[in-house]
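Asker: File name target-v4.tsv; file contents TSV, C-alpha atoms; full text below.
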chain	number	residue	atom	x	y	z
Q	1	MET	CA	106.81	108.32	93.23
Q	2	THR	CA	108.71	106.42	90.55
Q	3	LEU	CA	108.49	102.64	90.17
Q	4	GLU	CA	111.98	102.22	91.66
Q	5	GLN	CA	111.11	104.44	94.64
Q	6	ASN	CA	108.07	102.26	95.36
Q	7	ILE	CA	110.19	99.09	95.68
Q	8	ALA	CA	110.90	98.10	99.28
Q	9	LEU	CA	112.88	94.92	98.63
Q	10	GLN	CA	114.65	93.85	95.44
Q	11	LEU	CA	116.19	90.44	94.71
Q	12	ASP	CA	118.29	90.77	91.58
Q	13	HIS	CA	119.43	87.53	89.90
Q	14	ILE	CA	120.42	85.82	93.14
Q	15	SER	CA	121.99	82.35	93.20
Q	16	VAL	CA	122.57	80.16	96.28
Q	17	SER	CA	124.11	76.68	96.56
Q	18	TYR	CA	124.16	74.02	99.28
Q	19	HIS	CA	127.16	71.68	99.14
Q	20	GLN	CA	127.72	72.51	95.44
Q	21	LEU	CA	124.02	71.91	94.66
Q	22	LEU	CA	122.40	74.97	93.05
Q	23	VAL	CA	119.24	75.77	95.03
Q	24	LEU	CA	118.42	79.27	93.75
Q	25	ASP	CA	119.24	79.98	90.13
Q	26	GLN	CA	119.37	83.63	89.02
Q	27	LEU	CA	116.15	84.40	90.89
Q	28	SER	CA	114.69	87.91	90.70
Q	29	LEU	CA	111.77	89.31	92.70
Q	30	SER	CA	110.59	92.74	93.81
Q	31	ILE	CA	108.32	93.62	96.73
Q	32	ALA	CA	106.69	97.04	96.68
Q	33	ASN	CA	106.03	99.21	99.71
Q	34	ASN	CA	103.05	97.87	101.68
Q	35	GLU	CA	102.83	94.83	99.38
Q	36	ILE	CA	102.42	91.20	100.47
Q	37	VAL	CA	103.96	88.69	98.07
Q	38	SER	CA	102.98	85.03	98.35
Q	39	LEU	CA	105.85	82.76	97.31
Q	40	LEU	CA	104.26	79.52	96.17
Q	41	GLY	CA	105.80	76.21	95.12
Q	42	GLN	CA	106.18	72.55	95.91
Q	43	SER	CA	108.53	71.27	98.62
Q	44	GLY	CA	112.15	71.56	97.52
Q	45	SER	CA	111.51	74.40	95.06
Q	46	GLY	CA	113.67	76.81	97.10
Q	47	LYS	CA	111.04	78.95	98.85
Q	48	THR	CA	112.54	78.83	102.35
Q	49	THR	CA	116.01	79.41	100.90
Q	50	VAL	CA	114.73	82.70	99.48
Q	51	LEU	CA	113.58	83.79	102.94
Q	52	LYS	CA	116.86	82.74	104.56
Q	53	SER	CA	118.79	84.67	101.92
Q	54	ILE	CA	116.73	87.81	102.54
Q	55	ALA	CA	117.17	87.43	106.31
Q	56	GLY	CA	120.95	87.14	105.94
Q	57	LEU	CA	121.13	83.52	107.07
Q	58	LEU	CA	122.70	82.34	103.80
Q	59	PRO	CA	125.39	83.92	101.60
Q	60	LEU	CA	124.85	84.66	97.92
Q	61	GLU	CA	127.04	83.22	95.18
Q	62	HIS	CA	125.69	85.68	92.66
Q	63	GLY	CA	123.33	88.63	92.49
Q	64	GLU	CA	122.21	91.24	94.96
Q	65	ILE	CA	119.55	91.86	97.61
Q	66	ARG	CA	118.61	95.50	98.27
Q	67	LEU	CA	116.36	97.03	100.92
Q	68	HIS	CA	115.36	100.38	99.44
Q	69	ASP	CA	118.77	101.88	98.52
Q	70	THR	CA	120.86	99.68	100.84
Q	71	VAL	CA	122.63	96.57	99.58
Q	72	LEU	CA	122.08	93.80	102.14
Q	73	SER	CA	123.74	90.91	100.31
Q	74	SER	CA	125.92	90.40	97.29
Q	75	SER	CA	128.92	88.28	96.41
Q	76	LYS	CA	131.07	91.04	97.97
Q	77	LYS	CA	128.91	92.43	100.76
Q	78	TRP	CA	126.88	90.98	103.62
Q	79	VAL	CA	124.95	92.86	106.30
Q	80	ALA	CA	124.47	90.92	109.54
Q	81	SER	CA	120.98	89.53	110.12
Q	82	GLU	CA	120.35	91.59	113.24
Q	83	GLU	CA	121.24	94.80	111.40
Q	84	ARG	CA	118.87	94.31	108.45
Q	85	GLY	CA	115.65	95.50	110.05
Q	86	ILE	CA	113.90	92.32	108.89
Q	87	SER	CA	111.80	89.97	111.04
Q	88	ILE	CA	111.07	86.34	110.21
Q	89	ILE	CA	108.30	84.10	111.52
Q	90	PHE	CA	108.45	80.31	111.25
Q	91	GLN	CA	105.68	77.73	111.48
Q	92	ASP	CA	106.67	76.61	115.00
Q	93	PHE	CA	105.92	80.08	116.53
Q	94	ALA	CA	109.17	80.05	118.63
Q	95	LEU	CA	107.63	81.87	121.59
Q	96	PHE	CA	109.52	81.88	124.88
Q	97	PRO	CA	107.61	79.34	127.04
Q	98	HIS	CA	108.57	81.00	130.36
Q	99	MET	CA	107.20	84.39	129.30
Q	100	THR	CA	103.59	85.59	129.08
Q	101	ALA	CA	102.17	86.84	125.81
Q	102	LEU	CA	102.87	90.44	126.85
Q	103	GLU	CA	106.43	89.62	127.92
Q	104	ASN	CA	107.08	87.82	124.63
Q	105	VAL	CA	106.05	90.90	122.66
Q	106	CYS	CA	108.02	93.24	124.96
Q	107	PHE	CA	111.19	91.21	124.37
Q	108	GLY	CA	111.86	92.73	120.94
Q	109	ILE	CA	111.02	96.32	121.84
Q	110	LYS	CA	114.04	98.62	122.20
Q	111	VAL	CA	112.48	100.97	124.70
Q	112	LYS	CA	111.86	99.53	128.15
Q	113	GLY	CA	109.52	100.00	131.06
Q	114	GLN	CA	105.95	101.22	130.70
Q	115	ALA	CA	106.52	102.47	127.15
Q	116	ALA	CA	107.39	98.93	126.06
Q	117	LYS	CA	104.34	97.51	127.82
Q	118	ASP	CA	102.08	100.09	126.20
Q	119	LYS	CA	103.43	99.32	122.74
Q	120	ALA	CA	103.17	95.55	123.34
Q	121	ALA	CA	99.60	95.93	124.57
Q	122	ALA	CA	98.68	97.94	121.47
Q	123	LEU	CA	100.13	95.23	119.21
Q	124	LEU	CA	98.33	92.48	121.13
Q	125	ALA	CA	95.10	94.43	120.74
Q	126	MET	CA	95.77	94.72	117.02
Q	127	VAL	CA	96.05	90.93	116.69
Q	128	LYS	CA	93.04	90.41	119.00
Q	129	MET	CA	95.07	88.98	121.90
Q	130	LEU	CA	94.98	91.77	124.48
Q	131	ASN	CA	92.79	89.69	126.81
Q	132	TYR	CA	95.52	87.04	126.87
Q	133	SER	CA	98.37	89.34	127.90
Q	134	ASP	CA	99.16	87.41	131.11
Q	135	VAL	CA	98.75	83.93	129.57
Q	136	TYR	CA	101.71	81.63	128.84
Q	137	PRO	CA	102.20	80.03	125.38
Q	138	SER	CA	101.39	76.53	126.66
Q	139	GLU	CA	97.90	77.76	127.55
Q	140	LEU	CA	97.22	79.16	124.06
Q	141	SER	CA	95.96	77.42	120.93
Q	142	GLY	CA	98.13	77.25	117.81
Q	143	GLY	CA	96.27	80.15	116.22
Q	144	GLN	CA	96.59	82.26	119.36
Q	145	GLN	CA	100.32	81.54	119.59
Q	146	GLN	CA	100.76	82.62	116.00
Q	147	ARG	CA	98.94	85.88	116.68
Q	148	VAL	CA	101.36	86.57	119.55
Q	149	ALA	CA	104.30	85.66	117.31
Q	150	ILE	CA	103.10	88.16	114.69
Q	151	ALA	CA	102.79	90.86	117.35
Q	152	ARG	CA	106.31	90.11	118.61
Q	153	ALA	CA	107.70	90.29	115.07
Q	154	LEU	CA	106.02	93.67	114.47
Q	155	ALA	CA	107.28	95.00	117.81
Q	156	THR	CA	110.71	95.57	116.27
Q	157	ASP	CA	109.18	97.82	113.58
Q	158	PRO	CA	110.60	95.67	110.76
Q	159	LYS	CA	111.13	97.16	107.34
Q	160	VAL	CA	110.07	93.80	105.86
Q	161	LEU	CA	108.35	90.81	107.46
Q	162	LEU	CA	109.14	87.26	106.31
Q	163	LEU	CA	106.65	84.45	107.02
Q	164	ASP	CA	107.65	80.81	106.46
Q	165	GLU	CA	104.45	78.71	106.31
Q	166	PRO	CA	103.21	80.35	109.53
Q	167	PHE	CA	99.69	78.92	109.33
Q	168	SER	CA	100.52	75.25	108.71
Q	169	ASN	CA	100.07	74.32	112.40
Q	170	VAL	CA	96.79	76.21	112.78
Q	171	ASP	CA	93.45	74.39	112.80
Q	172	HIS	CA	91.78	74.52	109.40
Q	173	HIS	CA	88.56	76.16	110.61
Q	174	LEU	CA	90.52	79.03	112.22
Q	175	LYS	CA	93.10	79.50	109.48
Q	176	GLU	CA	91.25	81.75	107.03
Q	177	GLN	CA	90.11	84.23	109.68
Q	178	LEU	CA	93.62	84.32	111.15
Q	179	MET	CA	95.11	85.04	107.73
Q	180	LEU	CA	92.61	87.84	107.07
Q	181	ASP	CA	93.25	89.39	110.49
Q	182	ILE	CA	97.05	89.28	110.09
Q	183	ARG	CA	96.81	90.63	106.55
Q	184	ARG	CA	94.81	93.62	107.85
Q	185	VAL	CA	97.41	94.22	110.57
Q	186	LEU	CA	100.25	94.26	108.02
Q	187	LYS	CA	98.30	96.67	105.82
Q	188	GLN	CA	97.54	98.90	108.80
Q	189	GLN	CA	101.23	98.92	109.77
Q	190	LYS	CA	102.24	99.42	106.11
Q	191	THR	CA	104.69	96.53	106.46
Q	192	PRO	CA	105.73	94.78	103.23
Q	193	ALA	CA	105.94	91.02	103.57
Q	194	VAL	CA	107.05	87.83	101.82
Q	195	PHE	CA	104.84	84.87	102.66
Q	196	VAL	CA	106.01	81.33	101.85
Q	197	THR	CA	103.46	78.55	101.40
Q	198	HIS	CA	102.76	75.43	99.35
Q	199	SER	CA	98.99	76.04	99.58
Q	200	LYS	CA	97.23	77.81	96.74
Q	201	GLU	CA	94.34	78.74	99.05
Q	202	GLU	CA	96.68	80.38	101.56
Q	203	ALA	CA	98.58	82.20	98.81
Q	204	PHE	CA	95.35	83.55	97.30
Q	205	THR	CA	93.94	84.70	100.64
Q	206	PHE	CA	97.06	86.36	102.04
Q	207	GLY	CA	98.98	87.83	99.12
Q	208	ASP	CA	98.57	90.85	96.86
Q	209	LYS	CA	100.86	89.22	94.32
Q	210	LEU	CA	101.88	85.60	93.74
Q	211	ALA	CA	105.23	84.27	92.60
Q	212	PHE	CA	105.44	80.58	91.67
Q	213	MET	CA	108.77	78.79	92.17
Q	214	GLU	CA	110.10	75.70	90.47
Q	215	SER	CA	113.65	74.30	90.66
Q	216	GLY	CA	115.11	77.42	92.23
Q	217	LYS	CA	113.52	79.88	89.81
Q	218	ILE	CA	110.40	82.02	89.72
Q	219	ILE	CA	108.66	80.86	86.57
Q	220	GLN	CA	105.67	83.22	86.81
Q	221	GLN	CA	104.49	86.07	88.99
Q	222	GLY	CA	101.44	88.29	88.98
Q	223	THR	CA	97.93	88.43	90.40
Q	224	ALA	CA	96.16	85.31	91.62
Q	225	GLU	CA	93.83	85.60	88.64
Q	226	SER	CA	96.67	85.70	86.10
Q	227	LEU	CA	98.36	82.59	87.53
Q	228	TYR	CA	95.06	80.73	87.80
Q	229	PHE	CA	93.70	81.51	84.34
Q	230	GLN	CA	96.96	82.01	82.43
Q	231	PRO	CA	99.59	79.62	83.88
Q	232	ASN	CA	102.72	79.39	81.75
Q	233	SER	CA	103.68	75.83	82.70
Q	234	PRO	CA	101.86	72.51	83.25
Q	235	SER	CA	103.15	72.26	86.83
Q	236	LEU	CA	101.78	75.71	87.65
Q	237	ALA	CA	98.43	74.84	86.06
Q	238	GLU	CA	98.16	71.77	88.30
Q	239	SER	CA	99.35	73.67	91.38
Q	240	MET	CA	96.50	76.13	90.89
Q	241	GLY	CA	93.98	73.29	91.12
Q	242	GLU	CA	93.02	69.88	89.77
Q	243	GLY	CA	92.05	69.47	86.15
Q	244	ASN	CA	91.85	67.31	83.07
Q	245	TRP	CA	94.47	66.91	80.35
Q	246	LEU	CA	93.23	66.47	76.78
Q	247	ASP	CA	95.10	66.15	73.49
Q	248	VAL	CA	93.66	68.75	71.13
Q	249	VAL	CA	94.13	70.13	67.62
Q	250	VAL	CA	93.74	73.86	66.94
Q	251	SER	CA	90.74	74.64	64.74
Q	252	SER	CA	90.95	78.44	64.93
Q	253	ASP	CA	92.15	81.25	67.21
Q	254	VAL	CA	89.18	80.61	69.49
Q	255	GLU	CA	88.57	76.89	69.11
Q	256	THR	CA	90.34	73.59	69.63
Q	257	HIS	CA	89.06	70.08	68.92
Q	258	SER	CA	89.30	67.02	71.13
Q	259	SER	CA	88.57	63.53	69.81
Q	260	LEU	CA	87.00	62.83	73.21
Q	261	LEU	CA	84.86	65.94	73.74
Q	262	GLY	CA	84.62	67.61	70.34
Q	263	ALA	CA	84.85	71.37	69.81
Q	264	ILE	CA	86.15	73.46	72.74
Q	265	GLU	CA	85.53	77.20	72.55
Q	266	SER	CA	88.02	79.70	73.99
Q	267	THR	CA	86.76	83.05	75.25
Q	268	VAL	CA	90.16	84.63	74.48
Q	269	PRO	CA	92.13	84.10	71.23
Q	270	HIS	CA	95.21	81.90	71.69
Q	271	TYR	CA	96.76	82.59	68.26
Q	272	GLN	CA	98.19	79.12	67.77
Q	273	ALA	CA	98.67	77.77	64.27
Q	274	PRO	CA	95.69	75.92	62.75
Q	275	SER	CA	96.09	72.11	62.84
Q	276	SER	CA	98.87	72.35	65.45
Q	277	GLN	CA	98.65	69.83	68.29
Q	278	TRP	CA	98.65	70.71	71.99
Q	279	ARG	CA	97.77	69.46	75.44
Q	280	GLN	CA	94.88	71.43	76.91
Q	281	PHE	CA	94.26	71.76	80.65
Q	282	ILE	CA	90.59	72.01	81.58
Q	283	ARG	CA	89.45	72.62	85.13
Q	284	PRO	CA	86.56	70.61	86.62
Q	285	ASN	CA	84.27	73.65	86.74
Q	286	GLN	CA	84.79	74.21	83.02
Q	287	ILE	CA	83.06	70.93	82.18
Q	288	ALA	CA	79.30	70.40	82.31
Q	289	ILE	CA	77.41	67.13	82.62
Q	290	LYS	CA	73.72	66.50	82.00
Q	291	VAL	CA	71.68	63.40	82.70
Q	292	ASN	CA	70.89	61.41	79.57
Q	293	PRO	CA	69.99	57.70	79.79
Q	294	SER	CA	71.70	57.30	76.40
Q	295	GLY	CA	74.73	59.43	77.31
Q	296	ARG	CA	78.23	58.26	76.42
Q	297	ALA	CA	79.64	58.92	79.91
Q	298	GLU	CA	78.96	57.29	83.29
Q	299	VAL	CA	79.22	58.79	86.78
Q	300	ILE	CA	81.63	56.53	88.68
Q	301	ASP	CA	82.07	58.51	91.91
Q	302	GLN	CA	81.12	61.76	93.62
Q	303	THR	CA	82.08	63.83	96.67
Q	304	PHE	CA	80.50	66.82	98.39
Q	305	ASN	CA	82.42	69.49	100.32
Q	306	GLY	CA	79.61	71.90	101.16
Q	307	GLU	CA	80.40	74.48	98.49
Q	308	SER	CA	80.48	72.20	95.45
Q	309	ARG	CA	79.93	68.67	94.21
Q	310	HIS	CA	82.80	66.82	92.56
Q	311	TYR	CA	82.13	64.04	90.08
Q	312	PHE	CA	84.33	61.49	88.38
Q	313	VAL	CA	82.89	60.40	85.07
Q	314	ARG	CA	84.21	57.81	82.65
Q	315	LEU	CA	84.00	58.53	78.93
Q	316	ASP	CA	85.40	56.06	76.41
Q	317	GLY	CA	87.70	54.66	79.09
Q	318	ILE	CA	88.97	58.10	80.18
Q	319	GLU	CA	88.22	59.51	83.66
Q	320	LEU	CA	87.26	63.18	83.85
Q	321	ARG	CA	86.89	65.42	86.89
Q	322	VAL	CA	83.79	67.62	86.95
Q	323	SER	CA	82.55	70.05	89.60
Q	324	SER	CA	79.32	71.98	90.05
Q	325	MET	CA	77.76	74.22	92.66
Q	326	SER	CA	76.43	72.42	95.71
Q	327	GLU	CA	72.88	73.62	95.02
Q	328	SER	CA	72.74	71.53	91.86
Q	329	ASN	CA	70.94	68.20	91.99
Q	330	SER	CA	73.10	65.28	93.00
Q	331	LEU	CA	73.77	62.65	90.33
Q	332	ALA	CA	73.82	59.00	91.30
Q	333	ILE	CA	76.79	56.74	90.73
Q	334	GLY	CA	76.13	54.72	87.59
Q	335	GLU	CA	73.99	57.44	86.00
Q	336	ARG	CA	74.56	58.06	82.28
Q	337	VAL	CA	75.39	61.65	81.30
Q	338	ASP	CA	76.34	63.86	78.38
Q	339	VAL	CA	79.60	65.76	78.78
Q	340	SER	CA	80.42	69.15	77.25
Q	341	VAL	CA	83.07	71.81	77.78
Q	342	LEU	CA	81.95	75.30	78.73
Q	343	PRO	CA	83.54	78.27	76.91
Q	344	HIS	CA	86.62	79.45	78.81
Q	345	GLN	CA	90.10	80.88	78.28
Q	346	ALA	CA	92.11	78.04	76.79
Q	347	MET	CA	95.24	76.80	78.58
Q	348	LEU	CA	97.45	75.16	75.95
Q	349	PHE	CA	100.85	73.54	76.48
Q	350	GLU	CA	103.34	71.82	74.22
Q	351	LYS	CA	102.78	68.08	74.01
Q	352	ASN	CA	106.34	67.21	75.03
Q	353	VAL	CA	106.12	69.19	78.32
Q	354	THR	CA	104.84	67.23	81.31
Q	355	PRO	CA	103.81	68.50	84.79
Would it be possible to restate this file's structure as structure tokens?
Answerer:
Amino acid sequence: MTLEQNIALQLDHISVSYHQLLVLDQLSLSIANNEIVSLLGQSGSGKTTVLKSIAGLLPLEHGEIRLHDTVLSSSKKWVASEERGISIIFQDFALFPHMTALENVCFGIKVKGQAAKDKAAALLAMVKMLNYSDVYPSELSGGQQQRVAIARALATDPKVLLLDEPFSNVDHHLKEQLMLDIRRVLKQQKTPAVFVTHSKEEAFTFGDKLAFMESGKIIQQGTAESLYFQPNSPSLAESMGEGNWLDVVVSSDVETHSSLLGAIESTVPHYQAPSSQWRQFIRPNQIAIKVNPSGRAEVIDQTFNGESRHYFVRLDGIELRVSSMSESNSLAIGERVDVSVLPHQAMLFEKNVTP
């Protein structure tokens, strides 16, 4: 199979405007067969507009949307939403309150009678809701309602599934398991999907590939690892997790120098010109602290989340974020420490570019 044959959905330089305001600007994205793409970005970046454009709810000013070899949208052509073979799930579940879980799933099935009930039951079993077939939505938790909504969306045998922040109303302690279960269902059904979220954790857990949006454009796409360790913009670096900004000067291909923390070793060459000046983004787990009564830095606060400890330390008037594994010994507020930067792949950005 060629690369083109493996593409289920292709967005080719699409542009969309609301009331003469450009919301999507020459955006391109491809979704392979059986691939889940997480579309990540801050509120207002255009994520939901992408989904609405794919679903046929918004016209294109420019560009083209293709499902396999069929053009769904262009400036000259538009296929009606109900004829696209695409299902969309929103965060509010949108289940019919007067129907049971089984009846909700049956609603979208073309065949009727016992065949529809059998198919609906199989889908409810797949999302672990078969025992709730005769229960009404008002009697289900948010996570259970979303499982039924996923089953109903899959009942139409969609060629692509669109999910618009579907887990935002689900309790935190249930969310990760729900995402893993739904991801397995989509893989089992071989259904490609586009998943919109503003949460890095959700995007990492659910998607095979991430695409980060900013101001109506996708500024970077790839694996979770590539966006986390090699972000191409300050805003993406911060969206991937908290960190520390330092002004640095390049010493060599594998070293920068900070007036605050000294030499910083990079595990991968960055090939920037010697003596050039940059802003370097350093994540909390890339900084180490060690108790030293004569240390230059002071612990001013700490938090504990079960998996790690997070410290705020003040060094020469600058606050730094530091994290360590939860098994490490807790440091007291007011304790003096030495601060060093662990070797890592450097993230360097031009000094005149701000998050």
Asker: Record the distance separating CA of Glu103 (chain Q) and CA of Tyr136 (chain Q), expressed in Å with one decimal.
Answerer: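 A separation of 9.3 Å between them.
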Asker: Between CA of Glu35 (chain Q) and CA of Leu210 (chain Q), what is the distance in Å, rounded to a tenth?
Answerer: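 Those two atoms sit 10.9 Å apart.
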Asker: When distances are computed from all atoms listed in the file, which of Q:Ser239, Q:Asn292, Q:Asn33, Q:Asn285 shows the smallest separation from His310 (chain Q)?
Answerer: Q:Asn285
Asker: Hey, which of Q:Ser199, Q:Ser266, Q:Ser17, Q:Gln221 ends up closest to Leu58 (chain Q)? Count only C-alpha atoms.
Answerer: Q:Ser17
Asker: Please produce, as a tab-separated table, a per-residue contact table for region 128-171 of chain Q versus region 90-98 of chain Q (criterion: any atom at most 6 Å away, all atoms listed in the file considered), showing the nearest atom pair and its distance in Å to one decimal, sorted by chain then residue number.
Answerer:
residue	atom	partner	partner_atom	distance
Q:Pro137	CA	Q:Pro97	CA	5.7
Q:Gln146	CA	Q:Phe93	CA	5.8
Q:Ala149	CA	Q:Phe93	CA	5.9
Q:Asp164	CA	Q:Phe90	CA	4.9
Q:Glu165	CA	Q:Gln91	CA	5.4
Q:Pro166	CA	Q:Gln91	CA	4.1
Asker: I need the residue nearest Phe229 (chain Q) from this list: Q:Leu27, Q:Gly295, Q:Met347, Q:Gly317. Use all atoms listed in the file for the distance.
Answerer: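 Of Q:Leu27, Q:Gly295, Q:Met347, Q:Gly317, the one nearest Phe229 (chain Q) is Q:Met347, counting all atoms listed in the file.
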Asker: At a cut-off of 6 Å, using all atoms listed in the file, what residues contact region 318-334 of chain Q? Leave out same-chain residues fewer than 2 positions from it and give the result as a PyMOL selection string.
Answerer: chain Q and resi 284-285+287+298-301+307-316
Asker: Atoms to include: C-alpha atoms. Write the selected residues as a compact mmCIF listing (two decimals), in the coordinates of the input.
Answerer:
# COMPACT_ATOMS: atom_id res chain seq x y z
CA PRO Q 284 86.56 70.61 86.62
CA ASN Q 285 84.27 73.65 86.74
CA ILE Q 287 83.06 70.93 82.18
CA GLU Q 298 78.96 57.29 83.29
CA VAL Q 299 79.22 58.79 86.78
CA ILE Q 300 81.63 56.53 88.68
CA ASP Q 301 82.07 58.51 91.91
CA GLU Q 307 80.40 74.48 98.49
CA SER Q 308 80.48 72.20 95.45
CA ARG Q 309 79.93 68.67 94.21
CA HIS Q 310 82.80 66.82 92.56
CA TYR Q 311 82.13 64.04 90.08
CA PHE Q 312 84.33 61.49 88.38
CA VAL Q 313 82.89 60.40 85.07
CA ARG Q 314 84.21 57.81 82.65
CA LEU Q 315 84.00 58.53 78.93
CA ASP Q 316 85.40 56.06 76.41
Asker: Record the distance separating CA of His198 (chain Q) and CA of Leu9 (chain Q), expressed in Å with one decimal.
Answerer: 22.0 Å
Asker: What's around Ala193 (chain Q) at 7 Å? Count only C-alpha atoms, leave out sequence neighbours fewer than 2 positions away in its own chain, and write the answer as a ChimeraX atom specification.
Answerer: /Q:35-37,160-162,191,195
Asker: Show which residues sit within 12 Å of Asp134 (chain Q), as a PyMOL selection string. Count only C-alpha atoms, and ignore same-chain residues fewer than 2 positions away.
Answerer: chain Q and resi 98-105+117+120-121+124+129-132+136-140+148
Asker: Env of region 42-46 of chain Q: 10 Å cut, atoms = all atoms listed in the file, seq-sep filter 3 positions within chain, self excluded. Answer as a list of chain:residue names.
Answerer: Q:Val16, Q:Leu22, Q:Val23, Q:Leu24, Q:Asp25, Q:Leu39, Q:Thr49, Q:Val50, Q:Leu51, Q:Thr197, Q:His198, Q:Ser199, Q:Phe212, Q:Met213, Q:Glu214, Q:Ser215, Q:Gly216, Q:Lys217, Q:Ile218, Q:Ser235, Q:Leu236, Q:Ser239
Asker: May I ask which of the residues Q:Ile14, Q:Ala203, Q:Ala224, Q:Val339 is the closest one to Ser294 (chain Q), counting all atoms listed in the file?
Answerer: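 Closest to Ser294 (chain Q) of all the choices is Q:Val339.
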Asker: Can you list, as a ChimeraX atom specification, every protein, DNA or RNA residue that comes within 10 Å of His257 (chain Q) when you count only C-alpha atoms, leaving out same-chain residues fewer than 6 positions away?
Answerer: /Q:246-251,263-265,275,277,280
Asker: Could you tell me which of Q:Ala288, Q:Leu60, Q:Leu342, Q:Leu348 comes closest to Tyr271 (chain Q) if we count all atoms listed in the file?
Answerer: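 Checking each candidate against Tyr271 (chain Q), we get Q:Leu348 as the closest.
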Asker: Please supply region 158-163 of chain Q, rebuilt with all heavy atoms, as a tab-separated table (two decimals), in the frame of the given file.
Answerer:
chain	number	residue	atom	x	y	z
Q	158	PRO	N	109.79	96.16	111.88
Q	158	PRO	CA	110.60	95.67	110.76
Q	158	PRO	C	110.29	96.42	109.47
Q	158	PRO	O	109.17	96.86	109.24
Q	158	PRO	CB	110.17	94.20	110.65
Q	158	PRO	CG	108.77	94.18	111.16
Q	158	PRO	CD	108.77	95.18	112.29
Q	159	LYS	N	111.32	96.56	108.65
Q	159	LYS	CA	111.13	97.16	107.34
Q	159	LYS	C	110.49	96.17	106.38
Q	159	LYS	O	109.82	96.56	105.42
Q	159	LYS	CB	112.47	97.65	106.80
Q	159	LYS	CG	113.10	98.73	107.67
Q	159	LYS	CD	114.51	99.05	107.23
Q	159	LYS	CE	115.16	100.06	108.18
Q	159	LYS	NZ	116.58	100.31	107.84
Q	160	VAL	N	110.70	94.88	106.63
Q	160	VAL	CA	110.07	93.80	105.86
Q	160	VAL	C	109.81	92.65	106.83
Q	160	VAL	O	110.64	92.37	107.71
Q	160	VAL	CB	110.98	93.30	104.71
Q	160	VAL	CG1	110.33	92.12	103.98
Q	160	VAL	CG2	111.26	94.43	103.72
Q	161	LEU	N	108.67	91.98	106.65
Q	161	LEU	CA	108.35	90.81	107.46
Q	161	LEU	C	108.38	89.57	106.57
Q	161	LEU	O	107.78	89.56	105.48
Q	161	LEU	CB	106.97	90.96	108.11
Q	161	LEU	CG	106.53	89.82	109.03
Q	161	LEU	CD1	107.45	89.70	110.23
Q	161	LEU	CD2	105.08	90.03	109.49
Q	162	LEU	N	109.06	88.53	107.03
Q	162	LEU	CA	109.14	87.26	106.31
Q	162	LEU	C	108.34	86.22	107.08
Q	162	LEU	O	108.49	86.09	108.30
Q	162	LEU	CB	110.59	86.81	106.17
Q	162	LEU	CG	111.59	87.83	105.63
Q	162	LEU	CD1	113.00	87.25	105.60
Q	162	LEU	CD2	111.18	88.29	104.22
Q	163	LEU	N	107.50	85.45	106.37
Q	163	LEU	CA	106.65	84.45	107.02
Q	163	LEU	C	106.84	83.11	106.30
Q	163	LEU	O	106.53	82.98	105.12
Q	163	LEU	CB	105.18	84.86	106.96
Q	163	LEU	CG	104.84	86.23	107.56
Q	163	LEU	CD1	104.67	87.26	106.43
Q	163	LEU	CD2	103.54	86.16	108.36
